[in-house]
>>> print(open('coords19.cif').read())   # mmCIF, C-alpha atoms
data_final
#
loop_
_atom_site.group_PDB
_atom_site.id
_atom_site.type_symbol
_atom_site.label_atom_id
_atom_site.label_comp_id
_atom_site.auth_asym_id
_atom_site.auth_seq_id
_atom_site.Cartn_x
_atom_site.Cartn_y
_atom_site.Cartn_z
ATOM 1 C CA MET A 1 128.093 110.600 135.239
ATOM 2 C CA ALA A 2 126.296 107.489 134.035
ATOM 3 C CA ARG A 3 128.464 105.702 131.521
ATOM 4 C CA ASP A 4 125.712 103.319 130.429
ATOM 5 C CA VAL A 5 123.465 106.264 129.554
ATOM 6 C CA THR A 6 126.287 107.963 127.652
ATOM 7 C CA GLU A 7 127.023 104.789 125.701
ATOM 8 C CA HIS A 8 123.330 104.420 124.842
ATOM 9 C CA ALA A 9 123.002 108.073 123.746
ATOM 10 C CA ARG A 10 126.085 107.725 121.517
ATOM 11 C CA PRO A 11 127.294 111.337 121.529
ATOM 12 C CA PRO A 12 130.043 112.210 119.010
ATOM 13 C CA ARG A 13 132.533 112.281 121.895
ATOM 14 C CA ALA A 14 132.370 112.263 125.672
ATOM 15 C CA VAL A 15 134.545 112.285 128.775
ATOM 16 C CA PHE A 16 133.639 109.951 131.618
ATOM 17 C CA LEU A 17 134.297 110.672 135.277
ATOM 18 C CA PRO A 18 133.173 108.305 138.023
ATOM 19 C CA PHE A 19 131.860 111.200 140.111
ATOM 20 C CA MET A 20 128.544 111.575 141.919
ATOM 21 C CA MET A 21 125.585 113.027 140.034
ATOM 22 C CA GLY A 22 125.617 116.804 140.139
ATOM 23 C CA HIS A 23 129.392 116.988 140.549
ATOM 24 C CA HIS A 24 130.405 117.020 136.900
ATOM 25 C CA PHE A 25 133.636 118.920 137.533
ATOM 26 C CA GLY A 26 134.450 117.574 140.975
ATOM 27 C CA VAL A 27 133.999 119.209 144.341
ATOM 28 C CA PRO A 28 133.537 122.864 145.365
ATOM 29 C CA PHE A 29 136.656 125.018 145.675
ATOM 30 C CA HIS A 30 138.935 122.421 144.005
ATOM 31 C CA GLN A 31 139.993 124.706 141.182
ATOM 32 C CA ALA A 32 142.917 122.560 140.046
ATOM 33 C CA LEU A 33 140.668 119.536 139.560
ATOM 34 C CA GLN A 34 137.963 121.566 137.862
ATOM 35 C CA ARG A 35 140.535 123.053 135.491
ATOM 36 C CA ARG A 36 141.971 119.609 134.746
ATOM 37 C CA VAL A 37 138.546 118.192 133.893
ATOM 38 C CA LEU A 38 137.728 121.136 131.648
ATOM 39 C CA LEU A 39 141.083 120.931 129.844
ATOM 40 C CA GLU A 40 140.656 117.164 129.357
ATOM 41 C CA CYS A 41 137.220 117.790 127.825
ATOM 42 C CA LEU A 42 138.580 120.417 125.444
ATOM 43 C CA ASP A 43 141.514 118.203 124.506
ATOM 44 C CA HIS A 44 139.174 115.305 123.767
ATOM 45 C CA LEU A 45 136.990 117.589 121.666
ATOM 46 C CA VAL A 46 139.990 118.337 119.460
ATOM 47 C CA HIS A 47 141.765 114.960 119.472
ATOM 48 C CA ALA A 48 139.046 112.294 119.456
ATOM 49 C CA THR A 49 139.728 109.989 116.517
ATOM 50 C CA GLU A 50 136.442 108.067 116.298
ATOM 51 C CA SER A 51 132.794 109.004 116.511
ATOM 52 C CA GLY A 52 131.347 107.952 119.853
ATOM 53 C CA GLU A 53 134.736 107.816 121.555
ATOM 54 C CA ILE A 54 134.533 108.060 125.348
ATOM 55 C CA ARG A 55 137.644 109.166 127.236
ATOM 56 C CA ASP A 56 137.949 107.783 130.756
ATOM 57 C CA LEU A 57 139.793 110.017 133.182
ATOM 58 C CA PRO A 58 141.915 108.324 135.857
ATOM 59 C CA LEU A 59 140.202 110.116 138.723
ATOM 60 C CA THR A 60 138.115 108.813 141.607
ATOM 61 C CA TRP A 61 135.366 110.441 143.598
ATOM 62 C CA ALA A 62 137.012 109.340 146.849
ATOM 63 C CA GLN A 63 140.264 111.139 146.001
ATOM 64 C CA ALA A 64 138.460 114.250 144.735
ATOM 65 C CA ARG A 65 136.377 114.417 147.925
ATOM 66 C CA LYS A 66 139.437 113.889 150.139
ATOM 67 C CA GLU A 67 141.312 116.700 148.387
ATOM 68 C CA GLY A 68 138.193 118.900 148.460
ATOM 69 C CA THR A 69 137.772 118.398 152.196
ATOM 70 C CA GLU A 70 141.360 119.514 152.753
ATOM 71 C CA ILE A 71 140.828 122.583 150.572
ATOM 72 C CA GLU A 72 137.681 123.468 152.533
ATOM 73 C CA ARG A 73 139.613 123.173 155.821
ATOM 74 C CA THR A 74 142.368 125.410 154.443
ATOM 75 C CA LEU A 75 139.750 127.973 153.451
ATOM 76 C CA GLY A 76 138.199 127.797 156.911
ATOM 77 C CA ARG A 77 134.957 126.263 155.654
ATOM 78 C CA GLY A 78 135.216 123.207 157.899
ATOM 79 C CA GLY A 79 134.826 120.477 155.315
ATOM 80 C CA ARG A 80 132.715 117.379 155.863
#
>>> encode(input="coords19.cif", output="structure tokens")
Amino acid sequence: MARDVTEHARPPRAVFLPFMMGHHFGVPFHQALQRRVLLECLDHLVHATESGEIRDLPLTWAQARKEGTEIERTLGRGGR
């Protein structure tokens, strides 16, 4: 969530998403996105080649929120 903090902490490996704090796997009800993030994390766990490697995912909060809003509408939850 905060790349500068992750870089400073220097974990063995990490995945970076430019999402809002508290939304580590995306938005509610967006199962496809949540699954994608989780699978990317597991893949990075297995395939990272260097200590401290950070994988950037090509996702944006704006797109995740837009898709999430549509999912919420489809589910009859209104969206925001």
>>> resolve_selection(input="coords19.cif", expression="the PyMOL selection byres ((chain A and resi 52) around 10)", output="NGL selection string")
:A and (6-7 or 9-14 or 48-51 or 53-55)
>>> atom_distance(input="coords19.cif", atom1="CA of His23 (chain A)", atom2="CA of His47 (chain A)")
24.5 Å
>>> residues_around(input="coords19.cif", residues="Leu75 (chain A)", least_positions_apart="4", cutoff="12 Å", atoms="all atoms listed in the file", output="list in words")
Pro28, Phe29, His30, Gly68, Thr69, Glu70, Ile71 and Gly79 of chain A
>>> closest_residue(input="coords19.cif", among="A:Ala64, A:Pro58, A:Leu42, A:Leu33", to="Met20 (chain A)", atoms="all atoms listed in the file")
A:Ala64
>>> atom_distance(input="coords19.cif", atom1="CA of Met21 (chain A)", atom2="CA of Met1 (chain A)")
5.9 Å
>>> closest_residue(input="coords19.cif", among="A:His8, A:Gly22, A:Val15, A:Glu72", to="Leu45 (chain A)", atoms="all atoms listed in the file")
A:Val15
>>> closest_residue(input="coords19.cif", among="A:Thr60, A:Phe16, A:Asp4, A:Thr74", to="Cys41 (chain A)", atoms="only C-alpha atoms")
A:Phe16
>>> atom_distance(input="coords19.cif", atom1="CA of Val27 (chain A)", atom2="CA of Arg65 (chain A)")
6.4 Å
>>> closest_residue(input="coords19.cif", among="A:Arg3, A:His44, A:Arg77, A:Leu59", to="Phe25 (chain A)", atoms="all atoms listed in the file")
A:Leu59
>>> closest_residue(input="coords19.cif", among="A:Arg35, A:Leu17, A:Val5, A:Arg73", to="Leu57 (chain A)", atoms="only C-alpha atoms")
A:Leu17
>>> decode(input="coords19.cif", residues="region 17-50 of chain A", atoms="C-alpha atoms", output="PDB file, in the first residue's frame")
ATOM      1  CA  LEU A  17      -0.618  -2.406  -5.686  1.00  0.00           C
ATOM      2  CA  PRO A  18      -1.473   1.285  -5.917  1.00  0.00           C
ATOM      3  CA  PHE A  19      -4.692   0.759  -3.962  1.00  0.00           C
ATOM      4  CA  MET A  20      -6.102   2.730  -1.041  1.00  0.00           C
ATOM      5  CA  MET A  21      -5.092   1.752   2.485  1.00  0.00           C
ATOM      6  CA  GLY A  22      -7.282  -1.026   3.816  1.00  0.00           C
ATOM      7  CA  HIS A  23      -8.055  -2.383   0.350  1.00  0.00           C
ATOM      8  CA  HIS A  24      -5.147  -4.778  -0.034  1.00  0.00           C
ATOM      9  CA  PHE A  25      -7.012  -7.090  -2.407  1.00  0.00           C
ATOM     10  CA  GLY A  26      -9.179  -4.524  -4.151  1.00  0.00           C
ATOM     11  CA  VAL A  27     -12.831  -3.744  -3.636  1.00  0.00           C
ATOM     12  CA  PRO A  28     -15.669  -5.741  -2.031  1.00  0.00           C
ATOM     13  CA  PHE A  29     -17.398  -8.375  -4.161  1.00  0.00           C
ATOM     14  CA  HIS A  30     -14.774  -8.214  -6.957  1.00  0.00           C
ATOM     15  CA  GLN A  31     -13.805 -11.860  -6.684  1.00  0.00           C
ATOM     16  CA  ALA A  32     -11.931 -11.993  -9.988  1.00  0.00           C
ATOM     17  CA  LEU A  33      -9.649  -9.137  -8.948  1.00  0.00           C
ATOM     18  CA  GLN A  34      -9.136 -10.542  -5.472  1.00  0.00           C
ATOM     19  CA  ARG A  35      -8.230 -13.926  -6.949  1.00  0.00           C
ATOM     20  CA  ARG A  36      -5.826 -12.307  -9.413  1.00  0.00           C
ATOM     21  CA  VAL A  37      -4.031 -10.403  -6.654  1.00  0.00           C
ATOM     22  CA  LEU A  38      -3.741 -13.510  -4.500  1.00  0.00           C
ATOM     23  CA  LEU A  39      -2.431 -15.620  -7.396  1.00  0.00           C
ATOM     24  CA  GLU A  40       0.103 -12.907  -8.303  1.00  0.00           C
ATOM     25  CA  CYS A  41       1.324 -12.893  -4.689  1.00  0.00           C
ATOM     26  CA  LEU A  42       1.711 -16.670  -4.634  1.00  0.00           C
ATOM     27  CA  ASP A  43       3.459 -16.648  -8.001  1.00  0.00           C
ATOM     28  CA  HIS A  44       5.888 -13.990  -6.795  1.00  0.00           C
ATOM     29  CA  LEU A  45       6.546 -16.003  -3.646  1.00  0.00           C
ATOM     30  CA  VAL A  46       7.689 -18.908  -5.809  1.00  0.00           C
ATOM     31  CA  HIS A  47       9.400 -17.057  -8.673  1.00  0.00           C
ATOM     32  CA  ALA A  48      11.136 -14.034  -7.140  1.00  0.00           C
ATOM     33  CA  THR A  49      14.787 -14.170  -8.174  1.00  0.00           C
ATOM     34  CA  GLU A  50      16.326 -11.596  -5.819  1.00  0.00           C
TER      35      GLU A  50
END
